[in-house]
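Reading through the structure tokens given below for one structure.
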Amino acid sequence: MCIVIIVAVTRKTRRYSGGVYDLGLHVVWCPKYRRQVLGGRVAVRLRELIEAKAAEKGWEIIALEVKPDHVHLFVKHEPKASASYVANQFKGFTSRVLRQEFPHLKSQMPTLWSSSFFVASVGAVSADTVEKYINTQWERPWTKKQREETERAPCV
């Protein structure tokens with residue numbers, strides 16, 4: 001007996017004058033020295049600030065988790081924003097506001113966030129799927145004829 005399960009991946013694409021896109025990033029960043037300072041009221045306020053910055057930029061937060069010593073964020077953004085720009089927008093804004101509102105963060109650490117971060121693109125299909133799709137372009141019936149014509153055409 002064979003059971004086939006079909007999973008439909010739904011994509012929510014966005015449009016702008018230059019095209020259609022669906023870009024997502026997994027961003028992780030930590031406090032300086034990986035100190036466990038993101039608890040209680042600080043964590044609640046950090047969440048609010050991240051949501052406010054995303055709304056200001058028109059980005060969509062898919063998932064957000066604030067741990068005592070790091071932040072995980074899955075955010076959808078527009079094509080003009082680079083991965084480092086997205087990460088630094090969240091880090092810079094939240095650092096400035098949190099250090100103003102919670103003086104103990106200023107006195108305990110020289111800066112709130114470590115200078116580094118992790119960011120990875122997130123998509124509906126795997127890298128292997130995209131690679132296979134690109135590498136098999138000429139195998140599709142509607143492109144075989146084009147390839148044959150290209151190969152037979154004389155070089156000028």
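Letters for chains follow the order of the structure tokens (A, B, ...), residue numbers begin at 1 for each chain, and ligand numbers begin at 1 in the order shown.
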Open item on the list: To test your reading of the structure, identify every residue in chain A that backbone DSSP assigns to alpha helix (DSSP H), and report it as JSON, numbers by chain.
Closed with: {"A": [40, 41, 42, 43, 44, 45, 46, 47, 48, 49, 50, 51, 52, 53, 54, 55, 56, 57, 83, 84, 85, 86, 87, 88, 89, 90, 91, 92, 93, 94, 95, 96, 97, 98, 99, 100, 101, 103, 104, 105, 106, 107, 108, 127, 128, 129, 130, 131, 132, 133, 134, 135, 141, 142, 143, 144, 145, 146, 147, 148, 149, 150, 151, 152]}
Item to check | Shell of 12 Å around Ser82 in chain A, only C-alpha atoms, local chain residues under 3 positions omitted, as a PyMOL selection string | outcome: chain A and resi 23-25+76-79+85-89+119-121
Excluding same-chain residues fewer than 6 positions from Val42 in chain A, what lies within 12 Å of it counting only C-alpha atoms, as an MDAnalysis selection string?
chainID A and resid 36 48:49 66:69 94:95 97:105 112
Quick one: write out the picked residues with N, CA and C atoms as a PDB file, in the first residue's frame?
```pdb
ATOM      1  N   GLN A  36      22.673  38.002  30.118  1.00  0.00           N
ATOM      2  CA  GLN A  36      21.251  37.661  30.195  1.00  0.00           C
ATOM      3  C   GLN A  36      20.455  38.842  30.751  1.00  0.00           C
ATOM      4  N   GLU A  48       7.943  45.153  21.727  1.00  0.00           N
ATOM      5  CA  GLU A  48       7.167  46.294  21.223  1.00  0.00           C
ATOM      6  C   GLU A  48       7.988  47.124  20.242  1.00  0.00           C
ATOM      7  N   LEU A  49       9.246  47.350  20.564  1.00  0.00           N
ATOM      8  CA  LEU A  49      10.114  48.160  19.702  1.00  0.00           C
ATOM      9  C   LEU A  49      10.385  47.473  18.364  1.00  0.00           C
ATOM     10  N   VAL A  66      12.146  36.374  22.120  1.00  0.00           N
ATOM     11  CA  VAL A  66      13.157  37.076  22.909  1.00  0.00           C
ATOM     12  C   VAL A  66      13.569  36.167  24.058  1.00  0.00           C
ATOM     13  N   LYS A  67      14.816  35.734  24.041  1.00  0.00           N
ATOM     14  CA  LYS A  67      15.384  34.909  25.110  1.00  0.00           C
ATOM     15  C   LYS A  67      16.231  35.819  26.000  1.00  0.00           C
ATOM     16  N   PRO A  68      16.577  35.384  27.204  1.00  0.00           N
ATOM     17  CA  PRO A  68      17.365  36.251  28.082  1.00  0.00           C
ATOM     18  C   PRO A  68      18.698  36.708  27.489  1.00  0.00           C
ATOM     19  N   ASP A  69      19.287  35.882  26.592  1.00  0.00           N
ATOM     20  CA  ASP A  69      20.605  36.229  26.056  1.00  0.00           C
ATOM     21  C   ASP A  69      20.669  36.311  24.532  1.00  0.00           C
ATOM     22  N   THR A  94      16.535  49.588  18.706  1.00  0.00           N
ATOM     23  CA  THR A  94      16.214  49.009  20.018  1.00  0.00           C
ATOM     24  C   THR A  94      17.282  49.339  21.051  1.00  0.00           C
ATOM     25  N   SER A  95      18.536  49.381  20.661  1.00  0.00           N
ATOM     26  CA  SER A  95      19.607  49.703  21.599  1.00  0.00           C
ATOM     27  C   SER A  95      19.432  51.120  22.155  1.00  0.00           C
ATOM     28  N   VAL A  97      16.740  53.094  22.305  1.00  0.00           N
ATOM     29  CA  VAL A  97      15.548  53.293  23.132  1.00  0.00           C
ATOM     30  C   VAL A  97      15.647  52.519  24.451  1.00  0.00           C
ATOM     31  N   LEU A  98      16.079  51.277  24.405  1.00  0.00           N
ATOM     32  CA  LEU A  98      16.170  50.484  25.632  1.00  0.00           C
ATOM     33  C   LEU A  98      17.159  51.083  26.624  1.00  0.00           C
ATOM     34  N   ARG A  99      18.279  51.589  26.145  1.00  0.00           N
ATOM     35  CA  ARG A  99      19.287  52.170  27.046  1.00  0.00           C
ATOM     36  C   ARG A  99      18.791  53.491  27.644  1.00  0.00           C
ATOM     37  N   GLN A 100      17.917  54.200  26.932  1.00  0.00           N
ATOM     38  CA  GLN A 100      17.312  55.412  27.489  1.00  0.00           C
ATOM     39  C   GLN A 100      16.290  55.066  28.573  1.00  0.00           C
ATOM     40  N   GLU A 101      15.490  54.048  28.317  1.00  0.00           N
ATOM     41  CA  GLU A 101      14.395  53.704  29.224  1.00  0.00           C
ATOM     42  C   GLU A 101      14.823  52.839  30.411  1.00  0.00           C
ATOM     43  N   PHE A 102      15.922  52.101  30.268  1.00  0.00           N
ATOM     44  CA  PHE A 102      16.388  51.216  31.335  1.00  0.00           C
ATOM     45  C   PHE A 102      17.847  51.558  31.650  1.00  0.00           C
ATOM     46  N   PRO A 103      18.066  52.474  32.587  1.00  0.00           N
ATOM     47  CA  PRO A 103      19.425  52.948  32.896  1.00  0.00           C
ATOM     48  C   PRO A 103      20.396  51.838  33.301  1.00  0.00           C
ATOM     49  N   HIS A 104      19.895  50.762  33.887  1.00  0.00           N
ATOM     50  CA  HIS A 104      20.804  49.681  34.289  1.00  0.00           C
ATOM     51  C   HIS A 104      21.500  49.054  33.082  1.00  0.00           C
ATOM     52  N   LEU A 105      20.900  49.135  31.891  1.00  0.00           N
ATOM     53  CA  LEU A 105      21.543  48.599  30.684  1.00  0.00           C
ATOM     54  C   LEU A 105      22.744  49.457  30.289  1.00  0.00           C
ATOM     55  N   LEU A 112      24.664  47.838  24.164  1.00  0.00           N
ATOM     56  CA  LEU A 112      23.676  46.800  24.451  1.00  0.00           C
ATOM     57  C   LEU A 112      23.919  45.548  23.622  1.00  0.00           C
TER      58      LEU A 112
END
```
Residues flagged strand (DSSP E or B) by DSSP in chain A, as a ChimeraX atom specification
/A:14-16,19-21,23-29,31,60-67,70-77,113,118-122
**OP:** Find the residue from A:Phe118, A:Pro110, A:Glu60, A:Ile134 that sits nearest to Phe74 in chain A; use only C-alpha atoms when measuring.
**Re:**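 The closest residue to Phe74 in chain A is A:Glu60.
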